[in-house]
file work_23.pdb (PDB, C-alpha atoms)
MODEL        1
ATOM      1  CA  MET S   1      49.169 201.103 113.246  1.00  0.00           C
ATOM      2  CA  LEU S   2      49.186 200.082 109.590  1.00  0.00           C
ATOM      3  CA  GLU S   3      51.347 202.072 107.158  1.00  0.00           C
ATOM      4  CA  LEU S   4      51.698 201.661 103.397  1.00  0.00           C
ATOM      5  CA  ILE S   5      54.773 203.128 101.690  1.00  0.00           C
ATOM      6  CA  LEU S   6      54.624 203.268  97.911  1.00  0.00           C
ATOM      7  CA  GLY S   7      57.099 204.475  95.333  1.00  0.00           C
ATOM      8  CA  GLY S   8      58.806 203.636  92.091  1.00  0.00           C
ATOM      9  CA  ALA S   9      62.078 201.779  91.701  1.00  0.00           C
ATOM     10  CA  ARG S  10      64.892 203.481  93.620  1.00  0.00           C
ATOM     11  CA  SER S  11      62.467 206.067  95.038  1.00  0.00           C
ATOM     12  CA  GLY S  12      63.683 205.689  98.628  1.00  0.00           C
ATOM     13  CA  LYS S  13      60.666 203.749  99.901  1.00  0.00           C
ATOM     14  CA  SER S  14      62.688 200.992 101.585  1.00  0.00           C
ATOM     15  CA  ARG S  15      65.049 203.473 103.218  1.00  0.00           C
ATOM     16  CA  LEU S  16      62.079 205.453 104.529  1.00  0.00           C
ATOM     17  CA  ALA S  17      60.459 202.312 105.909  1.00  0.00           C
ATOM     18  CA  GLU S  18      63.717 201.287 107.582  1.00  0.00           C
ATOM     19  CA  LYS S  19      64.080 204.769 109.085  1.00  0.00           C
ATOM     20  CA  LEU S  20      60.522 204.706 110.452  1.00  0.00           C
ATOM     21  CA  ALA S  21      61.071 201.240 111.922  1.00  0.00           C
ATOM     22  CA  SER S  22      64.369 202.300 113.538  1.00  0.00           C
ATOM     23  CA  GLU S  23      62.838 205.460 114.986  1.00  0.00           C
ATOM     24  CA  SER S  24      59.789 203.623 116.337  1.00  0.00           C
ATOM     25  CA  GLY S  25      61.622 202.485 119.458  1.00  0.00           C
ATOM     26  CA  LEU S  26      60.003 199.079 118.999  1.00  0.00           C
ATOM     27  CA  GLU S  27      61.515 195.663 118.436  1.00  0.00           C
ATOM     28  CA  VAL S  28      61.758 195.310 114.629  1.00  0.00           C
ATOM     29  CA  VAL S  29      61.169 192.194 112.569  1.00  0.00           C
ATOM     30  CA  TYR S  30      61.954 192.541 108.868  1.00  0.00           C
ATOM     31  CA  ILE S  31      59.812 190.311 106.646  1.00  0.00           C
ATOM     32  CA  ALA S  32      61.513 189.751 103.306  1.00  0.00           C
ATOM     33  CA  THR S  33      59.429 188.453 100.399  1.00  0.00           C
ATOM     34  CA  SER S  34      62.154 188.262  97.759  1.00  0.00           C
ATOM     35  CA  GLN S  35      63.713 185.079  96.501  1.00  0.00           C
ATOM     36  CA  PRO S  36      67.373 185.015  95.438  1.00  0.00           C
ATOM     37  CA  LEU S  37      66.717 183.543  92.002  1.00  0.00           C
ATOM     38  CA  ASP S  38      69.687 185.103  90.201  1.00  0.00           C
ATOM     39  CA  GLY S  39      72.897 187.029  90.778  1.00  0.00           C
ATOM     40  CA  GLU S  40      71.313 190.445  90.389  1.00  0.00           C
ATOM     41  CA  MET S  41      68.626 189.660  92.989  1.00  0.00           C
ATOM     42  CA  ASN S  42      71.298 188.245  95.298  1.00  0.00           C
ATOM     43  CA  ALA S  43      73.135 191.582  95.062  1.00  0.00           C
ATOM     44  CA  ARG S  44      69.957 193.528  95.879  1.00  0.00           C
ATOM     45  CA  ILE S  45      69.258 191.303  98.864  1.00  0.00           C
ATOM     46  CA  GLY S  46      72.840 191.825 100.024  1.00  0.00           C
ATOM     47  CA  GLN S  47      72.430 195.606  99.871  1.00  0.00           C
ATOM     48  CA  HIS S  48      69.263 195.433 101.966  1.00  0.00           C
ATOM     49  CA  ARG S  49      70.914 193.124 104.514  1.00  0.00           C
ATOM     50  CA  ALA S  50      73.928 195.428 104.839  1.00  0.00           C
ATOM     51  CA  ARG S  51      71.678 198.418 105.597  1.00  0.00           C
ATOM     52  CA  ARG S  52      69.646 196.702 108.314  1.00  0.00           C
ATOM     53  CA  PRO S  53      70.726 196.777 111.954  1.00  0.00           C
ATOM     54  CA  ALA S  54      72.062 193.413 113.124  1.00  0.00           C
ATOM     55  CA  HIS S  55      69.638 193.285 116.073  1.00  0.00           C
ATOM     56  CA  TRP S  56      66.534 193.284 113.845  1.00  0.00           C
ATOM     57  CA  GLY S  57      64.753 189.993 113.470  1.00  0.00           C
ATOM     58  CA  LEU S  58      64.353 188.522 110.007  1.00  0.00           C
ATOM     59  CA  VAL S  59      61.709 186.269 108.485  1.00  0.00           C
ATOM     60  CA  GLU S  60      62.003 185.290 104.824  1.00  0.00           C
ATOM     61  CA  GLU S  61      58.631 184.312 103.362  1.00  0.00           C
ATOM     62  CA  PRO S  62      57.857 184.565  99.639  1.00  0.00           C
ATOM     63  CA  LEU S  63      54.217 183.363  99.693  1.00  0.00           C
ATOM     64  CA  GLU S  64      52.417 183.020 103.035  1.00  0.00           C
ATOM     65  CA  LEU S  65      52.600 186.645 104.143  1.00  0.00           C
ATOM     66  CA  ALA S  66      49.358 186.730 106.152  1.00  0.00           C
ATOM     67  CA  ARG S  67      50.432 183.688 108.166  1.00  0.00           C
ATOM     68  CA  VAL S  68      53.787 185.252 109.016  1.00  0.00           C
ATOM     69  CA  LEU S  69      52.183 188.569 109.943  1.00  0.00           C
ATOM     70  CA  ARG S  70      49.751 186.839 112.301  1.00  0.00           C
ATOM     71  CA  GLU S  71      52.599 184.834 113.866  1.00  0.00           C
ATOM     72  CA  GLN S  72      54.965 187.795 114.288  1.00  0.00           C
ATOM     73  CA  ALA S  73      52.673 190.731 115.131  1.00  0.00           C
ATOM     74  CA  ALA S  74      52.727 191.805 118.778  1.00  0.00           C
ATOM     75  CA  MET S  75      52.343 194.904 120.881  1.00  0.00           C
ATOM     76  CA  GLY S  76      55.733 196.559 121.187  1.00  0.00           C
ATOM     77  CA  ARG S  77      56.868 195.199 117.832  1.00  0.00           C
ATOM     78  CA  CYS S  78      57.220 196.772 114.380  1.00  0.00           C
ATOM     79  CA  LEU S  79      56.925 194.470 111.376  1.00  0.00           C
ATOM     80  CA  LEU S  80      58.466 195.824 108.179  1.00  0.00           C
ATOM     81  CA  VAL S  81      57.384 193.980 105.025  1.00  0.00           C
ATOM     82  CA  ASP S  82      59.562 194.578 101.967  1.00  0.00           C
ATOM     83  CA  CYS S  83      58.024 194.209  99.505  1.00  0.00           C
ATOM     84  CA  LEU S  84      54.447 193.500  98.487  1.00  0.00           C
ATOM     85  CA  THR S  85      55.035 193.588  94.742  1.00  0.00           C
ATOM     86  CA  LEU S  86      57.729 190.904  95.006  1.00  0.00           C
ATOM     87  CA  TRP S  87      55.269 188.840  97.079  1.00  0.00           C
ATOM     88  CA  LEU S  88      52.630 189.398  94.390  1.00  0.00           C
ATOM     89  CA  THR S  89      55.100 188.390  91.668  1.00  0.00           C
ATOM     90  CA  ASN S  90      55.940 185.197  93.548  1.00  0.00           C
ATOM     91  CA  LEU S  91      52.238 184.307  93.665  1.00  0.00           C
ATOM     92  CA  LEU S  92      51.614 185.222  90.025  1.00  0.00           C
ATOM     93  CA  MET S  93      54.506 182.999  88.941  1.00  0.00           C
ATOM     94  CA  LEU S  94      52.787 180.004  90.567  1.00  0.00           C
ATOM     95  CA  ASP S  95      50.092 180.398  87.882  1.00  0.00           C
ATOM     96  CA  ASP S  96      47.441 179.400  90.433  1.00  0.00           C
ATOM     97  CA  ALA S  97      44.625 181.964  90.507  1.00  0.00           C
ATOM     98  CA  ALA S  98      42.974 180.315  93.508  1.00  0.00           C
ATOM     99  CA  ARG S  99      46.182 180.487  95.565  1.00  0.00           C
ATOM    100  CA  LEU S 100      46.714 184.142  94.621  1.00  0.00           C
ATOM    101  CA  ALA S 101      43.139 185.012  95.614  1.00  0.00           C
ATOM    102  CA  ALA S 102      43.395 183.080  98.889  1.00  0.00           C
ATOM    103  CA  GLU S 103      46.700 184.699  99.922  1.00  0.00           C
ATOM    104  CA  ARG S 104      45.465 188.170  98.943  1.00  0.00           C
ATOM    105  CA  GLU S 105      42.229 187.755 100.903  1.00  0.00           C
ATOM    106  CA  ALA S 106      44.144 186.370 103.888  1.00  0.00           C
ATOM    107  CA  LEU S 107      46.377 189.448 103.858  1.00  0.00           C
ATOM    108  CA  LEU S 108      43.514 191.903 103.479  1.00  0.00           C
ATOM    109  CA  GLY S 109      41.553 190.072 106.143  1.00  0.00           C
ATOM    110  CA  CYS S 110      44.222 190.385 108.809  1.00  0.00           C
ATOM    111  CA  VAL S 111      46.323 193.532 108.305  1.00  0.00           C
ATOM    112  CA  ASP S 112      44.044 196.018 110.014  1.00  0.00           C
ATOM    113  CA  GLN S 113      43.515 193.754 113.033  1.00  0.00           C
ATOM    114  CA  LEU S 114      47.148 193.000 113.900  1.00  0.00           C
ATOM    115  CA  PRO S 115      48.702 194.347 117.095  1.00  0.00           C
ATOM    116  CA  GLY S 116      51.783 196.569 116.987  1.00  0.00           C
ATOM    117  CA  ARG S 117      53.029 198.589 114.048  1.00  0.00           C
ATOM    118  CA  ILE S 118      52.993 197.216 110.508  1.00  0.00           C
ATOM    119  CA  VAL S 119      54.943 198.961 107.726  1.00  0.00           C
ATOM    120  CA  LEU S 120      54.265 197.656 104.216  1.00  0.00           C
ATOM    121  CA  VAL S 121      56.528 198.611 101.303  1.00  0.00           C
ATOM    122  CA  SER S 122      55.412 198.253  97.691  1.00  0.00           C
ATOM    123  CA  ASN S 123      56.307 199.430  94.198  1.00  0.00           C
ATOM    124  CA  GLU S 124      53.837 201.757  92.546  1.00  0.00           C
ATOM    125  CA  THR S 125      53.562 200.325  89.042  1.00  0.00           C
ATOM    126  CA  GLY S 126      50.599 202.213  87.642  1.00  0.00           C
ATOM    127  CA  LEU S 127      52.359 205.412  86.596  1.00  0.00           C
ATOM    128  CA  GLY S 128      53.995 204.178  83.423  1.00  0.00           C
ATOM    129  CA  VAL S 129      53.142 202.791  80.024  1.00  0.00           C
ATOM    130  CA  VAL S 130      50.557 200.001  79.900  1.00  0.00           C
ATOM    131  CA  PRO S 131      52.542 196.763  79.545  1.00  0.00           C
ATOM    132  CA  LEU S 132      52.257 194.765  76.313  1.00  0.00           C
ATOM    133  CA  GLY S 133      52.068 191.237  77.732  1.00  0.00           C
ATOM    134  CA  GLU S 134      49.136 189.579  79.485  1.00  0.00           C
ATOM    135  CA  LEU S 135      51.147 188.642  82.589  1.00  0.00           C
ATOM    136  CA  THR S 136      52.614 192.120  83.050  1.00  0.00           C
ATOM    137  CA  ARG S 137      49.194 193.734  82.573  1.00  0.00           C
ATOM    138  CA  ARG S 138      47.779 191.355  85.164  1.00  0.00           C
ATOM    139  CA  TYR S 139      50.664 192.217  87.517  1.00  0.00           C
ATOM    140  CA  VAL S 140      49.983 195.955  87.209  1.00  0.00           C
ATOM    141  CA  ASP S 141      46.235 195.383  87.714  1.00  0.00           C
ATOM    142  CA  GLU S 142      46.726 193.125  90.741  1.00  0.00           C
ATOM    143  CA  ALA S 143      49.230 195.519  92.324  1.00  0.00           C
ATOM    144  CA  GLY S 144      46.911 198.471  91.801  1.00  0.00           C
ATOM    145  CA  TRP S 145      43.922 196.686  93.325  1.00  0.00           C
ATOM    146  CA  LEU S 146      46.036 195.495  96.258  1.00  0.00           C
ATOM    147  CA  HIS S 147      47.374 198.999  96.907  1.00  0.00           C
ATOM    148  CA  GLN S 148      43.875 200.491  96.842  1.00  0.00           C
ATOM    149  CA  ALA S 149      42.563 197.918  99.313  1.00  0.00           C
ATOM    150  CA  LEU S 150      45.551 198.353 101.645  1.00  0.00           C
ATOM    151  CA  ALA S 151      45.432 202.156 101.447  1.00  0.00           C
ATOM    152  CA  GLU S 152      41.807 202.027 102.534  1.00  0.00           C
ATOM    153  CA  ARG S 153      42.769 199.963 105.603  1.00  0.00           C
ATOM    154  CA  SER S 154      45.935 201.934 106.470  1.00  0.00           C
ATOM    155  CA  GLN S 155      46.190 204.787 108.941  1.00  0.00           C
ATOM    156  CA  ARG S 156      49.078 206.273 106.957  1.00  0.00           C
ATOM    157  CA  VAL S 157      49.954 206.086 103.258  1.00  0.00           C
ATOM    158  CA  VAL S 158      53.187 207.615 101.957  1.00  0.00           C
ATOM    159  CA  PHE S 159      54.346 208.000  98.364  1.00  0.00           C
ATOM    160  CA  THR S 160      58.098 208.447  97.889  1.00  0.00           C
ATOM    161  CA  VAL S 161      59.775 210.250  95.008  1.00  0.00           C
ATOM    162  CA  ALA S 162      63.522 210.977  94.819  1.00  0.00           C
ATOM    163  CA  GLY S 163      63.865 209.997  98.472  1.00  0.00           C
ATOM    164  CA  LEU S 164      61.220 212.468  99.574  1.00  0.00           C
ATOM    165  CA  PRO S 165      58.037 211.326 101.326  1.00  0.00           C
ATOM    166  CA  MET S 166      54.678 212.709 100.277  1.00  0.00           C
ATOM    167  CA  TYR S 167      51.997 211.918 102.858  1.00  0.00           C
ATOM    168  CA  LEU S 168      48.782 210.926 101.126  1.00  0.00           C
ATOM    169  CA  LYS S 169      46.888 209.798 104.223  1.00  0.00           C
ATOM    170  CA  GLY S 170      47.539 210.306 107.918  1.00  0.00           C
ATOM    171  CA  ASP S 171      49.980 212.550 109.761  1.00  0.00           C
ATOM    172  CA  ALA S 172      53.565 213.114 108.701  1.00  0.00           C
TER     173      ALA S 172
ENDMDL
END

call {"tool": "encode", "arguments": {"input": "work_23.pdb", "output": "structure tokens"}}
result
Amino acid sequence: MLELILGGARSGKSRLAEKLASESGLEVVYIATSQPLDGEMNARIGQHRARRPAHWGLVEEPLELARVLREQAAMGRCLLVDCLTLWLTNLLMLDDAARLAAEREALLGCVDQLPGRIVLVSNETGLGVVPLGELTRRYVDEAGWLHQALAERSQRVVFTVAGLPMYLKGDA
């Protein structure tokens, strides 16, 4: 089963994903896409680590998400990816359009064929003001296109606001 959980910053999307993974009864592997590039990001990573059960597996991969998903997906296992927009940012910062396209297509080409349960977390960035800079506009565009493609492939899509899930596709 493929699930996409979207929401704004501090909307509760990660907590919801962690709750769903915990309640699944499956072995959980958390796939972290962030990179601890500064003190503030280190603190955020620390908060996420502290919330996760110690028995969950962990794979840290900032770029090759499709490869890791193919390697880790299995029946009886739940993969929780947090988060797609950080993964997208990592790829955009490489300033290599071919690499971004290849990684995106690899992800879209595998997600709906993986065994087990896959929970993808991502920031919804298209609800605010149109960014002024070229890179931030590209980021919002790329995230929006990625979300649309993943939502089409997902059995369940959830939008979180103020910690509350709104089910856009699939059963609650």

call {"tool": "resolve_selection", "arguments": {"input": "work_23.pdb", "expression": "the PyMOL selection byres ((chain S and resi 159) around 8)", "output": "PDB file with C-alpha atoms, keeping the file's coordinate frame"}}
result
ATOM      1  CA  ILE S   5      54.773 203.128 101.690  1.00  0.00           C
ATOM      2  CA  LEU S   6      54.624 203.268  97.911  1.00  0.00           C
ATOM      3  CA  GLY S   7      57.099 204.475  95.333  1.00  0.00           C
ATOM      4  CA  LYS S  13      60.666 203.749  99.901  1.00  0.00           C
ATOM      5  CA  VAL S 157      49.954 206.086 103.258  1.00  0.00           C
ATOM      6  CA  VAL S 158      53.187 207.615 101.957  1.00  0.00           C
ATOM      7  CA  THR S 160      58.098 208.447  97.889  1.00  0.00           C
ATOM      8  CA  VAL S 161      59.775 210.250  95.008  1.00  0.00           C
ATOM      9  CA  PRO S 165      58.037 211.326 101.326  1.00  0.00           C
ATOM     10  CA  MET S 166      54.678 212.709 100.277  1.00  0.00           C
ATOM     11  CA  TYR S 167      51.997 211.918 102.858  1.00  0.00           C
ATOM     12  CA  LEU S 168      48.782 210.926 101.126  1.00  0.00           C
TER      13      LEU S 168
END

call {"tool": "resolve_selection", "arguments": {"input": "work_23.pdb", "expression": "the PyMOL selection byres ((chain S and resi 77-84) around 8)", "output": "number ranges by chain"}}
result
S: 14, 17-18, 21, 24, 26-34, 69, 72-76, 85-88, 116-123

call {"tool": "closest_residue", "arguments": {"input": "work_23.pdb", "among": "S:Lys19, S:Ser154, S:Met41, S:Gly133", "to": "Cys110 of chain S", "atoms": "only C-alpha atoms"}}
result
S:Ser154

call {"tool": "resolve_selection", "arguments": {"input": "work_23.pdb", "expression": "the PyMOL selection byres ((chain S and resi 111-113) around 9)", "output": "list of chain:residue names"}}
result
S:Met1, S:Leu2, S:Ala66, S:Leu69, S:Arg70, S:Ala106, S:Leu107, S:Leu108, S:Gly109, S:Cys110, S:Leu114, S:Pro115, S:Ile118, S:Leu150, S:Arg153, S:Ser154

call {"tool": "atom_distance", "arguments": {"input": "work_23.pdb", "atom1": "atom CA of Glu124 of chain S", "atom2": "atom CA of Gly163 of chain S"}}
result
14.3 Å

call {"tool": "residues_around", "arguments": {"input": "work_23.pdb", "residues": "Thr136 of chain S", "least_positions_apart": "4", "cutoff": "12 Å", "atoms": "all atoms listed in the file", "output": "PDB file with C-alpha atoms, keeping the file's coordinate frame"}}
result
ATOM      1  CA  LEU S  88      52.630 189.398  94.390  1.00  0.00           C
ATOM      2  CA  THR S  89      55.100 188.390  91.668  1.00  0.00           C
ATOM      3  CA  LEU S  92      51.614 185.222  90.025  1.00  0.00           C
ATOM      4  CA  MET S  93      54.506 182.999  88.941  1.00  0.00           C
ATOM      5  CA  THR S 125      53.562 200.325  89.042  1.00  0.00           C
ATOM      6  CA  GLY S 126      50.599 202.213  87.642  1.00  0.00           C
ATOM      7  CA  VAL S 129      53.142 202.791  80.024  1.00  0.00           C
ATOM      8  CA  VAL S 130      50.557 200.001  79.900  1.00  0.00           C
ATOM      9  CA  PRO S 131      52.542 196.763  79.545  1.00  0.00           C
ATOM     10  CA  LEU S 132      52.257 194.765  76.313  1.00  0.00           C
ATOM     11  CA  VAL S 140      49.983 195.955  87.209  1.00  0.00           C
ATOM     12  CA  ASP S 141      46.235 195.383  87.714  1.00  0.00           C
ATOM     13  CA  GLU S 142      46.726 193.125  90.741  1.00  0.00           C
ATOM     14  CA  ALA S 143      49.230 195.519  92.324  1.00  0.00           C
TER      15      ALA S 143
END

call {"tool": "residues_near_point", "arguments": {"input": "work_23.pdb", "point": "(42.2, 193.8, 98.0)", "cutoff": "8 Å", "atoms": "all atoms listed in the file", "output": "PyMOL selection string"}}
result
chain S and resi 104-105+108+145-150

call {"tool": "write_last_selection", "arguments": {"input": "work_23.pdb", "atoms": "C-alpha atoms", "output": "PDB file, keeping the file's coordinate frame"}}
result
ATOM      1  CA  ARG S 104      45.465 188.170  98.943  1.00  0.00           C
ATOM      2  CA  GLU S 105      42.229 187.755 100.903  1.00  0.00           C
ATOM      3  CA  LEU S 108      43.514 191.903 103.479  1.00  0.00           C
ATOM      4  CA  TRP S 145      43.922 196.686  93.325  1.00  0.00           C
ATOM      5  CA  LEU S 146      46.036 195.495  96.258  1.00  0.00           C
ATOM      6  CA  HIS S 147      47.374 198.999  96.907  1.00  0.00           C
ATOM      7  CA  GLN S 148      43.875 200.491  96.842  1.00  0.00           C
ATOM      8  CA  ALA S 149      42.563 197.918  99.313  1.00  0.00           C
ATOM      9  CA  LEU S 150      45.551 198.353 101.645  1.00  0.00           C
TER      10      LEU S 150
END

call {"tool": "atom_distance", "arguments": {"input": "work_23.pdb", "atom1": "atom CA of Val59 of chain S", "atom2": "atom CA of Pro36 of chain S"}}
result
14.3 Å

call {"tool": "atom_distance", "arguments": {"input": "work_23.pdb", "atom1": "atom CA of His55 of chain S", "atom2": "atom CA of Ser22 of chain S"}}
result
10.7 Å

call {"tool": "closest_residue", "arguments": {"input": "work_23.pdb", "among": "S:Asp38, S:Arg51, S:Trp56, S:Glu103", "to": "Val68 of chain S", "atoms": "only C-alpha atoms"}}
result
S:Glu103

call {"tool": "closest_residue", "arguments": {"input": "work_23.pdb", "among": "S:Ala162, S:Arg138, S:Ala50, S:Ala172", "to": "Gly8 of chain S", "atoms": "only C-alpha atoms"}}
result
S:Ala162

call {"tool": "build_atoms", "arguments": {"input": "work_23.pdb", "residues": "segment 84-108 of chain S", "atoms": "N, CA and C atoms", "output": "compact mmCIF listing (two decimals), in the coordinates of the input"}}
result
# COMPACT_ATOMS: atom_id res chain seq x y z
N LEU S 84 55.70 194.13 98.92
CA LEU S 84 54.45 193.50 98.49
C LEU S 84 54.44 193.13 97.02
N THR S 85 55.07 193.92 96.17
CA THR S 85 55.04 193.59 94.74
C THR S 85 55.91 192.37 94.42
N LEU S 86 56.97 192.15 95.19
CA LEU S 86 57.73 190.90 95.01
C LEU S 86 56.89 189.71 95.47
N TRP S 87 56.18 189.89 96.59
CA TRP S 87 55.27 188.84 97.08
C TRP S 87 54.21 188.53 96.01
N LEU S 88 53.63 189.57 95.44
CA LEU S 88 52.63 189.40 94.39
C LEU S 88 53.23 188.69 93.18
N THR S 89 54.42 189.05 92.79
CA THR S 89 55.10 188.39 91.67
C THR S 89 55.31 186.90 91.96
N ASN S 90 55.74 186.60 93.16
CA ASN S 90 55.94 185.20 93.55
C ASN S 90 54.64 184.41 93.38
N LEU S 91 53.53 184.99 93.79
CA LEU S 91 52.24 184.31 93.66
C LEU S 91 51.80 184.21 92.21
N LEU S 92 51.99 185.26 91.44
CA LEU S 92 51.61 185.22 90.02
C LEU S 92 52.41 184.16 89.27
N MET S 93 53.67 183.97 89.63
CA MET S 93 54.51 183.00 88.94
C MET S 93 54.09 181.56 89.25
N LEU S 94 53.32 181.34 90.29
CA LEU S 94 52.79 180.00 90.57
C LEU S 94 51.73 179.61 89.55
N ASP S 95 51.15 180.62 88.87
CA ASP S 95 50.09 180.40 87.88
C ASP S 95 48.93 179.60 88.49
N ASP S 96 48.53 180.03 89.69
CA ASP S 96 47.44 179.40 90.43
C ASP S 96 46.53 180.52 90.95
N ALA S 97 45.51 180.84 90.18
CA ALA S 97 44.62 181.96 90.51
C ALA S 97 43.97 181.79 91.87
N ALA S 98 43.63 180.56 92.22
CA ALA S 98 42.97 180.32 93.51
C ALA S 98 43.93 180.61 94.67
N ARG S 99 45.19 180.23 94.51
CA ARG S 99 46.18 180.49 95.56
C ARG S 99 46.41 181.98 95.72
N LEU S 100 46.54 182.69 94.58
CA LEU S 100 46.71 184.14 94.62
C LEU S 100 45.54 184.79 95.34
N ALA S 101 44.33 184.43 94.99
CA ALA S 101 43.14 185.01 95.61
C ALA S 101 43.10 184.70 97.10
N ALA S 102 43.43 183.48 97.48
CA ALA S 102 43.40 183.08 98.89
C ALA S 102 44.43 183.85 99.71
N GLU S 103 45.65 183.98 99.19
CA GLU S 103 46.70 184.70 99.92
C GLU S 103 46.38 186.19 100.01
N ARG S 104 45.85 186.75 98.94
CA ARG S 104 45.46 188.17 98.94
C ARG S 104 44.36 188.42 99.97
N GLU S 105 43.35 187.58 99.95
CA GLU S 105 42.23 187.76 100.90
C GLU S 105 42.69 187.53 102.34
N ALA S 106 43.60 186.60 102.54
CA ALA S 106 44.14 186.37 103.89
C ALA S 106 44.87 187.62 104.38
N LEU S 107 45.66 188.23 103.49
CA LEU S 107 46.38 189.45 103.86
C LEU S 107 45.40 190.57 104.19
N LEU S 108 44.46 190.81 103.27
CA LEU S 108 43.51 191.90 103.48
C LEU S 108 42.62 191.66 104.69
